[in-house]
file final.cif (mmCIF, N, CA and C atoms)
data_structure
#
loop_
_atom_site.label_atom_id
_atom_site.label_comp_id
_atom_site.auth_asym_id
_atom_site.auth_seq_id
_atom_site.Cartn_x
_atom_site.Cartn_y
_atom_site.Cartn_z
N ALA A 59 -33.73 -75.82 58.81
CA ALA A 59 -35.12 -75.46 58.51
C ALA A 59 -35.49 -74.14 59.19
N TRP A 60 -34.99 -73.95 60.42
CA TRP A 60 -35.31 -72.71 61.11
C TRP A 60 -34.61 -71.53 60.46
N ALA A 61 -33.41 -71.72 59.95
CA ALA A 61 -32.71 -70.64 59.26
C ALA A 61 -33.53 -70.17 58.06
N ALA A 62 -34.07 -71.11 57.31
CA ALA A 62 -34.89 -70.75 56.14
C ALA A 62 -36.20 -70.10 56.56
N ALA A 63 -36.86 -70.67 57.56
CA ALA A 63 -38.16 -70.15 57.99
C ALA A 63 -38.05 -68.78 58.64
N SER A 64 -36.95 -68.56 59.34
CA SER A 64 -36.80 -67.28 60.04
C SER A 64 -36.15 -66.21 59.17
N GLY A 65 -35.54 -66.65 58.05
CA GLY A 65 -34.83 -65.70 57.19
C GLY A 65 -33.52 -65.25 57.80
N THR A 66 -33.01 -66.00 58.75
CA THR A 66 -31.76 -65.67 59.42
C THR A 66 -30.72 -66.74 59.10
N PRO A 67 -29.82 -66.45 58.15
CA PRO A 67 -28.77 -67.44 57.85
C PRO A 67 -27.96 -67.74 59.12
N GLY A 68 -27.67 -69.00 59.31
CA GLY A 68 -26.90 -69.38 60.49
C GLY A 68 -27.74 -69.66 61.73
N ALA A 69 -29.04 -69.40 61.67
CA ALA A 69 -29.90 -69.71 62.82
C ALA A 69 -29.90 -71.23 62.99
N ASP A 70 -29.91 -71.68 64.24
CA ASP A 70 -29.83 -73.11 64.51
C ASP A 70 -30.97 -73.58 65.41
N ALA A 71 -30.87 -74.83 65.85
CA ALA A 71 -31.92 -75.42 66.67
C ALA A 71 -32.09 -74.68 67.99
N ALA A 72 -31.00 -74.20 68.56
CA ALA A 72 -31.09 -73.45 69.82
C ALA A 72 -31.88 -72.17 69.62
N ASP A 73 -31.67 -71.51 68.48
CA ASP A 73 -32.43 -70.30 68.18
C ASP A 73 -33.91 -70.63 67.99
N CYS A 74 -34.16 -71.75 67.33
CA CYS A 74 -35.55 -72.17 67.12
C CYS A 74 -36.23 -72.48 68.46
N ALA A 75 -35.50 -73.16 69.36
CA ALA A 75 -36.07 -73.49 70.67
C ALA A 75 -36.44 -72.22 71.43
N LYS A 76 -35.60 -71.20 71.36
CA LYS A 76 -35.91 -69.93 72.02
C LYS A 76 -37.17 -69.31 71.44
N ALA A 77 -37.29 -69.38 70.10
CA ALA A 77 -38.48 -68.83 69.45
C ALA A 77 -39.72 -69.64 69.80
N VAL A 78 -39.57 -70.95 69.95
CA VAL A 78 -40.69 -71.80 70.36
C VAL A 78 -41.15 -71.39 71.76
N ASP A 79 -40.19 -71.20 72.65
CA ASP A 79 -40.52 -70.78 74.01
C ASP A 79 -41.22 -69.43 74.03
N ALA A 80 -40.90 -68.59 73.04
CA ALA A 80 -41.54 -67.27 72.94
C ALA A 80 -42.89 -67.34 72.23
N GLY A 81 -43.23 -68.53 71.69
CA GLY A 81 -44.53 -68.71 71.04
C GLY A 81 -44.60 -68.31 69.59
N ALA A 82 -43.46 -68.19 68.91
CA ALA A 82 -43.45 -67.80 67.49
C ALA A 82 -44.07 -68.91 66.63
N PRO A 83 -45.12 -68.58 65.86
CA PRO A 83 -45.82 -69.61 65.08
C PRO A 83 -44.94 -70.37 64.09
N ARG A 84 -44.06 -69.65 63.36
CA ARG A 84 -43.19 -70.35 62.40
C ARG A 84 -42.24 -71.29 63.12
N ALA A 85 -41.74 -70.87 64.27
CA ALA A 85 -40.84 -71.72 65.05
C ALA A 85 -41.58 -72.96 65.53
N LEU A 86 -42.81 -72.79 65.97
CA LEU A 86 -43.60 -73.94 66.41
C LEU A 86 -43.80 -74.95 65.30
N ALA A 87 -44.03 -74.47 64.08
CA ALA A 87 -44.22 -75.37 62.93
C ALA A 87 -42.93 -76.13 62.62
N VAL A 88 -41.80 -75.43 62.61
CA VAL A 88 -40.51 -76.07 62.34
C VAL A 88 -40.20 -77.07 63.45
N TRP A 89 -40.43 -76.67 64.68
CA TRP A 89 -40.15 -77.53 65.84
C TRP A 89 -41.00 -78.80 65.76
N ARG A 90 -42.27 -78.64 65.42
CA ARG A 90 -43.17 -79.80 65.32
C ARG A 90 -42.66 -80.78 64.27
N GLN A 91 -42.19 -80.25 63.14
CA GLN A 91 -41.64 -81.13 62.09
C GLN A 91 -40.41 -81.88 62.59
N ALA A 92 -39.54 -81.18 63.30
CA ALA A 92 -38.33 -81.81 63.83
C ALA A 92 -38.67 -82.88 64.86
N VAL A 93 -39.59 -82.57 65.75
CA VAL A 93 -40.01 -83.53 66.77
C VAL A 93 -40.65 -84.75 66.11
N ASP A 94 -41.49 -84.52 65.11
CA ASP A 94 -42.13 -85.64 64.42
C ASP A 94 -41.10 -86.54 63.73
N ALA A 95 -40.12 -85.95 63.08
CA ALA A 95 -39.08 -86.73 62.41
C ALA A 95 -38.26 -87.52 63.42
N LEU A 96 -37.91 -86.88 64.53
CA LEU A 96 -37.16 -87.58 65.57
C LEU A 96 -37.99 -88.70 66.18
N ALA A 97 -39.25 -88.45 66.42
CA ALA A 97 -40.14 -89.49 66.98
C ALA A 97 -40.25 -90.68 66.03
N ASP A 98 -40.38 -90.42 64.73
CA ASP A 98 -40.46 -91.51 63.76
C ASP A 98 -39.22 -92.40 63.84
N GLY A 99 -38.05 -91.78 63.87
CA GLY A 99 -36.81 -92.55 63.96
C GLY A 99 -36.68 -93.31 65.27
N LEU A 100 -37.07 -92.66 66.35
CA LEU A 100 -36.96 -93.31 67.66
C LEU A 100 -37.93 -94.47 67.80
N VAL A 101 -39.11 -94.35 67.22
CA VAL A 101 -40.07 -95.46 67.28
C VAL A 101 -39.54 -96.65 66.48
N THR A 102 -38.88 -96.39 65.37
CA THR A 102 -38.26 -97.48 64.61
C THR A 102 -37.20 -98.16 65.45
N ALA A 103 -36.34 -97.36 66.09
CA ALA A 103 -35.30 -97.93 66.95
C ALA A 103 -35.92 -98.68 68.13
N LEU A 104 -36.96 -98.13 68.69
CA LEU A 104 -37.66 -98.76 69.80
C LEU A 104 -38.21 -100.13 69.38
N THR A 105 -38.77 -100.19 68.20
CA THR A 105 -39.35 -101.43 67.70
C THR A 105 -38.27 -102.48 67.44
N LEU A 106 -37.16 -102.04 66.85
CA LEU A 106 -36.10 -102.99 66.49
C LEU A 106 -35.22 -103.41 67.67
N LEU A 107 -34.96 -102.48 68.58
CA LEU A 107 -33.95 -102.72 69.62
C LEU A 107 -34.51 -102.92 71.02
N ASP A 108 -35.72 -102.48 71.26
CA ASP A 108 -36.36 -102.59 72.57
C ASP A 108 -35.47 -102.10 73.71
N PRO A 109 -35.01 -100.84 73.62
CA PRO A 109 -34.13 -100.32 74.68
C PRO A 109 -34.90 -100.06 75.97
N ARG A 110 -34.19 -100.11 77.07
CA ARG A 110 -34.81 -99.81 78.37
C ARG A 110 -34.99 -98.31 78.56
N THR A 111 -34.11 -97.52 77.95
CA THR A 111 -34.16 -96.06 78.06
C THR A 111 -33.73 -95.46 76.74
N LEU A 112 -34.38 -94.38 76.34
CA LEU A 112 -33.94 -93.62 75.16
C LEU A 112 -33.19 -92.39 75.69
N ILE A 113 -31.93 -92.29 75.31
CA ILE A 113 -31.09 -91.19 75.77
C ILE A 113 -30.84 -90.27 74.58
N ILE A 114 -31.25 -89.02 74.74
CA ILE A 114 -31.13 -88.05 73.66
C ILE A 114 -29.99 -87.09 74.00
N GLY A 115 -29.04 -86.96 73.09
CA GLY A 115 -27.90 -86.08 73.31
C GLY A 115 -27.79 -85.04 72.22
N GLY A 116 -26.71 -84.33 72.25
CA GLY A 116 -26.46 -83.30 71.26
C GLY A 116 -27.10 -81.98 71.64
N GLY A 117 -26.89 -81.01 70.79
CA GLY A 117 -27.37 -79.67 71.06
C GLY A 117 -28.88 -79.56 71.19
N LEU A 118 -29.60 -80.34 70.40
CA LEU A 118 -31.06 -80.28 70.45
C LEU A 118 -31.58 -80.67 71.83
N ALA A 119 -30.95 -81.63 72.47
CA ALA A 119 -31.39 -82.08 73.79
C ALA A 119 -31.25 -81.00 74.84
N GLU A 120 -30.41 -80.02 74.59
CA GLU A 120 -30.23 -78.94 75.55
C GLU A 120 -31.43 -78.00 75.61
N ALA A 121 -32.41 -78.23 74.74
CA ALA A 121 -33.64 -77.45 74.78
C ALA A 121 -34.53 -77.89 75.95
N GLY A 122 -34.15 -78.97 76.62
CA GLY A 122 -34.89 -79.41 77.80
C GLY A 122 -36.31 -79.83 77.49
N GLU A 123 -37.23 -79.43 78.32
CA GLU A 123 -38.62 -79.85 78.17
C GLU A 123 -39.29 -79.26 76.93
N THR A 124 -38.69 -78.23 76.35
CA THR A 124 -39.20 -77.73 75.06
C THR A 124 -39.13 -78.84 74.03
N LEU A 125 -38.15 -79.71 74.15
CA LEU A 125 -38.03 -80.88 73.28
C LEU A 125 -38.70 -82.10 73.89
N PHE A 126 -38.40 -82.39 75.15
CA PHE A 126 -38.78 -83.68 75.71
C PHE A 126 -40.30 -83.85 75.91
N THR A 127 -41.00 -82.80 76.28
CA THR A 127 -42.45 -82.93 76.47
C THR A 127 -43.16 -83.31 75.17
N PRO A 128 -42.97 -82.56 74.06
CA PRO A 128 -43.65 -82.97 72.82
C PRO A 128 -43.08 -84.27 72.23
N LEU A 129 -41.80 -84.55 72.47
CA LEU A 129 -41.22 -85.79 71.96
C LEU A 129 -41.83 -87.00 72.65
N ARG A 130 -41.97 -86.94 73.94
CA ARG A 130 -42.60 -88.06 74.67
C ARG A 130 -44.03 -88.29 74.17
N GLU A 131 -44.76 -87.20 73.96
CA GLU A 131 -46.14 -87.32 73.47
C GLU A 131 -46.17 -87.88 72.04
N ALA A 132 -45.26 -87.41 71.19
CA ALA A 132 -45.21 -87.90 69.80
C ALA A 132 -44.90 -89.38 69.76
N ILE A 133 -44.00 -89.83 70.60
CA ILE A 133 -43.68 -91.26 70.65
C ILE A 133 -44.86 -92.04 71.21
N ARG A 134 -45.45 -91.53 72.28
CA ARG A 134 -46.62 -92.20 72.88
C ARG A 134 -47.73 -92.39 71.84
N SER A 135 -47.94 -91.39 70.98
CA SER A 135 -49.02 -91.48 70.00
C SER A 135 -48.69 -92.44 68.84
N ARG A 136 -47.42 -92.78 68.66
CA ARG A 136 -47.00 -93.63 67.55
C ARG A 136 -46.85 -95.10 67.91
N ILE A 137 -46.56 -95.40 69.15
CA ILE A 137 -46.30 -96.79 69.49
C ILE A 137 -47.62 -97.56 69.58
N THR A 138 -47.52 -98.85 69.29
CA THR A 138 -48.71 -99.69 69.35
C THR A 138 -48.51 -100.76 70.42
N PHE A 139 -47.64 -101.71 70.15
CA PHE A 139 -47.43 -102.80 71.10
C PHE A 139 -46.20 -102.58 71.98
N GLN A 140 -45.36 -101.63 71.61
CA GLN A 140 -44.12 -101.40 72.36
C GLN A 140 -44.42 -100.72 73.70
N LYS A 141 -43.54 -100.95 74.63
CA LYS A 141 -43.63 -100.26 75.91
C LYS A 141 -42.76 -99.02 75.79
N GLN A 142 -43.32 -97.87 76.16
CA GLN A 142 -42.54 -96.64 76.05
C GLN A 142 -41.53 -96.55 77.18
N PRO A 143 -40.25 -96.52 76.82
CA PRO A 143 -39.22 -96.38 77.86
C PRO A 143 -39.09 -94.92 78.29
N PRO A 144 -38.41 -94.69 79.40
CA PRO A 144 -38.12 -93.30 79.76
C PRO A 144 -37.27 -92.64 78.67
N ILE A 145 -37.52 -91.37 78.44
CA ILE A 145 -36.74 -90.60 77.46
C ILE A 145 -36.04 -89.50 78.24
N VAL A 146 -34.71 -89.54 78.24
CA VAL A 146 -33.94 -88.65 79.09
C VAL A 146 -32.82 -87.98 78.31
N PRO A 147 -32.35 -86.83 78.80
CA PRO A 147 -31.20 -86.19 78.15
C PRO A 147 -29.90 -86.91 78.52
N ALA A 148 -28.96 -86.91 77.59
CA ALA A 148 -27.65 -87.50 77.85
C ALA A 148 -26.94 -86.71 78.95
N ALA A 149 -26.28 -87.40 79.82
CA ALA A 149 -25.60 -86.76 80.95
C ALA A 149 -24.49 -85.82 80.48
N LEU A 150 -23.84 -86.14 79.37
CA LEU A 150 -22.72 -85.32 78.90
C LEU A 150 -23.16 -84.22 77.94
N GLY A 151 -24.43 -84.19 77.61
CA GLY A 151 -24.94 -83.13 76.75
C GLY A 151 -24.24 -83.07 75.42
N ASP A 152 -23.91 -81.86 75.00
CA ASP A 152 -23.32 -81.62 73.70
C ASP A 152 -21.83 -81.95 73.67
N SER A 153 -21.23 -82.25 74.82
CA SER A 153 -19.78 -82.54 74.84
C SER A 153 -19.45 -84.00 74.58
N ALA A 154 -20.42 -84.86 74.48
CA ALA A 154 -20.16 -86.30 74.36
C ALA A 154 -19.28 -86.62 73.16
N GLY A 155 -19.55 -86.02 72.01
CA GLY A 155 -18.76 -86.30 70.81
C GLY A 155 -17.30 -85.92 70.98
N CYS A 156 -17.06 -84.75 71.55
CA CYS A 156 -15.67 -84.30 71.77
C CYS A 156 -14.96 -85.19 72.78
N LEU A 157 -15.65 -85.55 73.85
CA LEU A 157 -15.05 -86.43 74.85
C LEU A 157 -14.75 -87.81 74.25
N GLY A 158 -15.67 -88.31 73.45
CA GLY A 158 -15.45 -89.61 72.80
C GLY A 158 -14.27 -89.57 71.86
N ALA A 159 -14.13 -88.50 71.09
CA ALA A 159 -12.99 -88.37 70.18
C ALA A 159 -11.68 -88.31 70.97
N GLY A 160 -11.69 -87.58 72.08
CA GLY A 160 -10.49 -87.50 72.91
C GLY A 160 -10.12 -88.85 73.50
N LEU A 161 -11.12 -89.60 73.97
CA LEU A 161 -10.85 -90.93 74.52
C LEU A 161 -10.35 -91.89 73.45
N LEU A 162 -10.90 -91.79 72.25
CA LEU A 162 -10.43 -92.63 71.14
C LEU A 162 -8.97 -92.30 70.83
N ALA A 163 -8.64 -91.01 70.77
CA ALA A 163 -7.25 -90.61 70.52
C ALA A 163 -6.34 -91.14 71.62
N TRP A 164 -6.78 -91.04 72.86
CA TRP A 164 -6.00 -91.54 74.00
C TRP A 164 -5.75 -93.05 73.85
N ASP A 165 -6.81 -93.79 73.50
CA ASP A 165 -6.66 -95.24 73.30
C ASP A 165 -5.69 -95.55 72.17
N LEU A 166 -5.79 -94.80 71.08
CA LEU A 166 -4.90 -95.04 69.94
C LEU A 166 -3.45 -94.75 70.32
N LEU A 167 -3.23 -93.69 71.07
CA LEU A 167 -1.87 -93.37 71.51
C LEU A 167 -1.31 -94.44 72.44
N SER A 168 -2.14 -94.93 73.33
CA SER A 168 -1.65 -95.91 74.30
C SER A 168 -1.50 -97.29 73.69
N SER A 169 -2.16 -97.56 72.55
CA SER A 169 -2.03 -98.88 71.92
C SER A 169 -1.00 -98.90 70.80
N THR A 170 -0.42 -97.76 70.45
CA THR A 170 0.56 -97.70 69.38
C THR A 170 1.92 -98.15 69.90
N ASP A 171 2.56 -99.02 69.15
CA ASP A 171 3.92 -99.43 69.50
C ASP A 171 4.85 -98.30 69.11
N ARG A 172 5.36 -97.61 70.07
CA ARG A 172 6.17 -96.42 69.84
C ARG A 172 7.48 -96.75 69.11
N SER A 173 7.92 -97.99 69.12
CA SER A 173 9.16 -98.34 68.42
C SER A 173 8.96 -98.30 66.91
N GLU A 174 7.69 -98.39 66.46
CA GLU A 174 7.40 -98.34 65.03
C GLU A 174 7.25 -96.93 64.52
N VAL A 175 7.16 -95.97 65.41
CA VAL A 175 6.94 -94.58 65.02
C VAL A 175 8.28 -93.96 64.69
N THR A 176 8.44 -93.43 63.47
CA THR A 176 9.69 -92.77 63.08
C THR A 176 9.57 -91.29 63.35
N PRO A 177 10.61 -90.69 63.94
CA PRO A 177 10.56 -89.26 64.23
C PRO A 177 10.63 -88.39 63.02
#
call {"tool": "encode", "arguments": {"input": "final.cif", "output": "C-alpha cells"}}
result
Amino acid sequence: AWAAASGTPGADAADCAKAVDAGAPRALAVWRQAVDALADGLVTALTLLDPRTLIIGGGLAEAGETLFTPLREAIRSRITFQKQPPIVPAALGDSAGCLGAGLLAWDLLSSTDRSEVTP
C-alpha cells in the first residue's frame, strides 16, 4: 500500500514507518489502515484464544513504538469484555522465520534414518 501511495515501487513497511516518523500525511493514512487491520485481526484472536500476551514479530514490529503505541490504542478501543494483554515485540524480531526453518531442517536431518538415504 505504501509503494502505491508513495509512487515508489519496492517501498515497504520500513519505508512507510520512516515516513510516518517524519509526519508524511500519506504515510500516516497508510499506517493507520495497516494498524486498524492488524488490530481487527488481533482482537479476533484475543476473543477466541484469550492469550496472556500478544507477541508481534516480523519486519513491521521493528518499527517499535511507531507501531506499538497506535496498535495498543486501536486494540483498547475495540475490545469490550476482553482484558487487554501486554503487546510486545518478538524477541527474535525478523529472524524468527529463518531460525525456525533452520531448526526444522536440523530436526528433519536428525530424525532421518541415514540407512534409507541412497547416495
call {"tool": "select_by_dssp", "arguments": {"input": "final.cif", "residues": "stretch 89-147 of chain A", "states": "strand (DSSP E or B)", "output": "number ranges by chain"}}
result
A: 112-114, 145-147
call {"tool": "residues_around", "arguments": {"input": "final.cif", "residues": "stretch 145-158 of chain A", "least_positions_apart": "4", "cutoff": "5 Å", "atoms": "all atoms listed in the file", "output": "PyMOL selection string"}}
result
chain A and resi 112-117+162
call {"tool": "atom_distance", "arguments": {"input": "final.cif", "atom1": "atom N of A:Leu96", "atom2": "atom CA of A:Ala63"}}
result
18.0 Å
call {"tool": "residues_around", "arguments": {"input": "final.cif", "residues": "stretch 77-89 of chain A", "least_positions_apart": "6", "cutoff": "9 Å", "atoms": "only C-alpha atoms", "output": "ChimeraX atom specification"}}
result
/A:59-60,63-64,71,124-125
call {"tool": "closest_residue", "arguments": {"input": "final.cif", "among": "A:Ala159, A:Val101, A:Ala121, A:Ala95", "to": "A:Ile137", "atoms": "only N, CA and C atoms"}}
result
A:Val101
call {"tool": "atom_distance", "arguments": {"input": "final.cif", "atom1": "atom N of A:Phe139", "atom2": "atom N of A:Leu118"}}
result
28.0 Å
call {"tool": "closest_residue", "arguments": {"input": "final.cif", "among": "A:Glu120, A:Thr111, A:Leu161, A:Pro128", "to": "A:Pro143", "atoms": "only N, CA and C atoms"}}
result
A:Thr111
call {"tool": "closest_residue", "arguments": {"input": "final.cif", "among": "A:Gln91, A:Ala72, A:Ala97, A:Thr105", "to": "A:Thr138", "atoms": "only C-alpha atoms"}}
result
A:Thr105
call {"tool": "atom_distance", "arguments": {"input": "final.cif", "atom1": "atom CA of A:Glu131", "atom2": "atom CA of A:Ala75"}}
result
17.3 Å
call {"tool": "build_atoms", "arguments": {"input": "final.cif", "residues": "stretch 118-142 of chain A", "atoms": "N, CA, C and O atoms", "output": "PDB file, keeping the file's coordinate frame"}}
result
ATOM      1  N   LEU A 118     -29.600 -80.340  70.400  1.00  0.00           N
ATOM      2  CA  LEU A 118     -31.060 -80.280  70.450  1.00  0.00           C
ATOM      3  C   LEU A 118     -31.580 -80.670  71.830  1.00  0.00           C
ATOM      4  O   LEU A 118     -32.543 -80.083  72.324  1.00  0.00           O
ATOM      5  N   ALA A 119     -30.950 -81.630  72.470  1.00  0.00           N
ATOM      6  CA  ALA A 119     -31.390 -82.080  73.790  1.00  0.00           C
ATOM      7  C   ALA A 119     -31.250 -81.000  74.840  1.00  0.00           C
ATOM      8  O   ALA A 119     -31.923 -81.044  75.873  1.00  0.00           O
ATOM      9  N   GLU A 120     -30.410 -80.020  74.590  1.00  0.00           N
ATOM     10  CA  GLU A 120     -30.230 -78.940  75.550  1.00  0.00           C
ATOM     11  C   GLU A 120     -31.430 -78.000  75.610  1.00  0.00           C
ATOM     12  O   GLU A 120     -31.497 -77.126  76.456  1.00  0.00           O
ATOM     13  N   ALA A 121     -32.410 -78.230  74.740  1.00  0.00           N
ATOM     14  CA  ALA A 121     -33.640 -77.450  74.780  1.00  0.00           C
ATOM     15  C   ALA A 121     -34.530 -77.890  75.950  1.00  0.00           C
ATOM     16  O   ALA A 121     -35.546 -77.257  76.223  1.00  0.00           O
ATOM     17  N   GLY A 122     -34.150 -78.970  76.620  1.00  0.00           N
ATOM     18  CA  GLY A 122     -34.890 -79.410  77.800  1.00  0.00           C
ATOM     19  C   GLY A 122     -36.310 -79.830  77.490  1.00  0.00           C
ATOM     20  O   GLY A 122     -36.581 -80.494  76.484  1.00  0.00           O
ATOM     21  N   GLU A 123     -37.230 -79.430  78.320  1.00  0.00           N
ATOM     22  CA  GLU A 123     -38.620 -79.850  78.170  1.00  0.00           C
ATOM     23  C   GLU A 123     -39.290 -79.260  76.930  1.00  0.00           C
ATOM     24  O   GLU A 123     -40.311 -79.774  76.496  1.00  0.00           O
ATOM     25  N   THR A 124     -38.690 -78.230  76.350  1.00  0.00           N
ATOM     26  CA  THR A 124     -39.200 -77.730  75.060  1.00  0.00           C
ATOM     27  C   THR A 124     -39.130 -78.840  74.030  1.00  0.00           C
ATOM     28  O   THR A 124     -39.990 -78.946  73.154  1.00  0.00           O
ATOM     29  N   LEU A 125     -38.150 -79.710  74.150  1.00  0.00           N
ATOM     30  CA  LEU A 125     -38.030 -80.880  73.280  1.00  0.00           C
ATOM     31  C   LEU A 125     -38.700 -82.100  73.890  1.00  0.00           C
ATOM     32  O   LEU A 125     -39.480 -82.778  73.221  1.00  0.00           O
ATOM     33  N   PHE A 126     -38.400 -82.390  75.150  1.00  0.00           N
ATOM     34  CA  PHE A 126     -38.780 -83.680  75.710  1.00  0.00           C
ATOM     35  C   PHE A 126     -40.300 -83.850  75.910  1.00  0.00           C
ATOM     36  O   PHE A 126     -40.817 -84.946  75.715  1.00  0.00           O
ATOM     37  N   THR A 127     -41.000 -82.800  76.280  1.00  0.00           N
ATOM     38  CA  THR A 127     -42.450 -82.930  76.470  1.00  0.00           C
ATOM     39  C   THR A 127     -43.160 -83.310  75.170  1.00  0.00           C
ATOM     40  O   THR A 127     -43.876 -84.325  75.123  1.00  0.00           O
ATOM     41  N   PRO A 128     -42.970 -82.560  74.060  1.00  0.00           N
ATOM     42  CA  PRO A 128     -43.650 -82.970  72.820  1.00  0.00           C
ATOM     43  C   PRO A 128     -43.080 -84.270  72.230  1.00  0.00           C
ATOM     44  O   PRO A 128     -43.818 -85.031  71.600  1.00  0.00           O
ATOM     45  N   LEU A 129     -41.800 -84.550  72.470  1.00  0.00           N
ATOM     46  CA  LEU A 129     -41.220 -85.790  71.960  1.00  0.00           C
ATOM     47  C   LEU A 129     -41.830 -87.000  72.650  1.00  0.00           C
ATOM     48  O   LEU A 129     -42.184 -87.983  71.994  1.00  0.00           O
ATOM     49  N   ARG A 130     -41.970 -86.940  73.940  1.00  0.00           N
ATOM     50  CA  ARG A 130     -42.600 -88.060  74.670  1.00  0.00           C
ATOM     51  C   ARG A 130     -44.030 -88.290  74.170  1.00  0.00           C
ATOM     52  O   ARG A 130     -44.458 -89.426  73.969  1.00  0.00           O
ATOM     53  N   GLU A 131     -44.760 -87.200  73.960  1.00  0.00           N
ATOM     54  CA  GLU A 131     -46.140 -87.320  73.470  1.00  0.00           C
ATOM     55  C   GLU A 131     -46.170 -87.880  72.040  1.00  0.00           C
ATOM     56  O   GLU A 131     -47.007 -88.718  71.713  1.00  0.00           O
ATOM     57  N   ALA A 132     -45.260 -87.410  71.190  1.00  0.00           N
ATOM     58  CA  ALA A 132     -45.210 -87.900  69.800  1.00  0.00           C
ATOM     59  C   ALA A 132     -44.900 -89.380  69.760  1.00  0.00           C
ATOM     60  O   ALA A 132     -45.498 -90.133  68.985  1.00  0.00           O
ATOM     61  N   ILE A 133     -44.000 -89.830  70.600  1.00  0.00           N
ATOM     62  CA  ILE A 133     -43.680 -91.260  70.650  1.00  0.00           C
ATOM     63  C   ILE A 133     -44.860 -92.040  71.210  1.00  0.00           C
ATOM     64  O   ILE A 133     -45.250 -93.080  70.675  1.00  0.00           O
ATOM     65  N   ARG A 134     -45.450 -91.530  72.280  1.00  0.00           N
ATOM     66  CA  ARG A 134     -46.620 -92.200  72.880  1.00  0.00           C
ATOM     67  C   ARG A 134     -47.730 -92.390  71.840  1.00  0.00           C
ATOM     68  O   ARG A 134     -48.389 -93.430  71.799  1.00  0.00           O
ATOM     69  N   SER A 135     -47.940 -91.390  70.980  1.00  0.00           N
ATOM     70  CA  SER A 135     -49.020 -91.480  70.000  1.00  0.00           C
ATOM     71  C   SER A 135     -48.690 -92.440  68.840  1.00  0.00           C
ATOM     72  O   SER A 135     -49.577 -92.862  68.121  1.00  0.00           O
ATOM     73  N   ARG A 136     -47.420 -92.780  68.660  1.00  0.00           N
ATOM     74  CA  ARG A 136     -47.000 -93.630  67.550  1.00  0.00           C
ATOM     75  C   ARG A 136     -46.850 -95.100  67.910  1.00  0.00           C
ATOM     76  O   ARG A 136     -46.949 -95.963  67.053  1.00  0.00           O
ATOM     77  N   ILE A 137     -46.560 -95.400  69.150  1.00  0.00           N
ATOM     78  CA  ILE A 137     -46.300 -96.790  69.490  1.00  0.00           C
ATOM     79  C   ILE A 137     -47.620 -97.560  69.580  1.00  0.00           C
ATOM     80  O   ILE A 137     -48.666 -96.997  69.875  1.00  0.00           O
ATOM     81  N   THR A 138     -47.520 -98.850  69.290  1.00  0.00           N
ATOM     82  CA  THR A 138     -48.710 -99.690  69.350  1.00  0.00           C
ATOM     83  C   THR A 138     -48.510-100.760  70.420  1.00  0.00           C
ATOM     84  O   THR A 138     -49.115-100.705  71.471  1.00  0.00           O
ATOM     85  N   PHE A 139     -47.640-101.710  70.150  1.00  0.00           N
ATOM     86  CA  PHE A 139     -47.430-102.800  71.100  1.00  0.00           C
ATOM     87  C   PHE A 139     -46.200-102.580  71.980  1.00  0.00           C
ATOM     88  O   PHE A 139     -46.026-103.271  72.973  1.00  0.00           O
ATOM     89  N   GLN A 140     -45.360-101.630  71.610  1.00  0.00           N
ATOM     90  CA  GLN A 140     -44.120-101.400  72.360  1.00  0.00           C
ATOM     91  C   GLN A 140     -44.420-100.720  73.700  1.00  0.00           C
ATOM     92  O   GLN A 140     -45.409-100.015  73.844  1.00  0.00           O
ATOM     93  N   LYS A 141     -43.540-100.950  74.630  1.00  0.00           N
ATOM     94  CA  LYS A 141     -43.630-100.260  75.910  1.00  0.00           C
ATOM     95  C   LYS A 141     -42.760 -99.020  75.790  1.00  0.00           C
ATOM     96  O   LYS A 141     -41.614 -99.104  75.370  1.00  0.00           O
ATOM     97  N   GLN A 142     -43.320 -97.870  76.160  1.00  0.00           N
ATOM     98  CA  GLN A 142     -42.540 -96.640  76.050  1.00  0.00           C
ATOM     99  C   GLN A 142     -41.530 -96.550  77.180  1.00  0.00           C
ATOM    100  O   GLN A 142     -41.898 -96.512  78.355  1.00  0.00           O
TER     101      GLN A 142
END
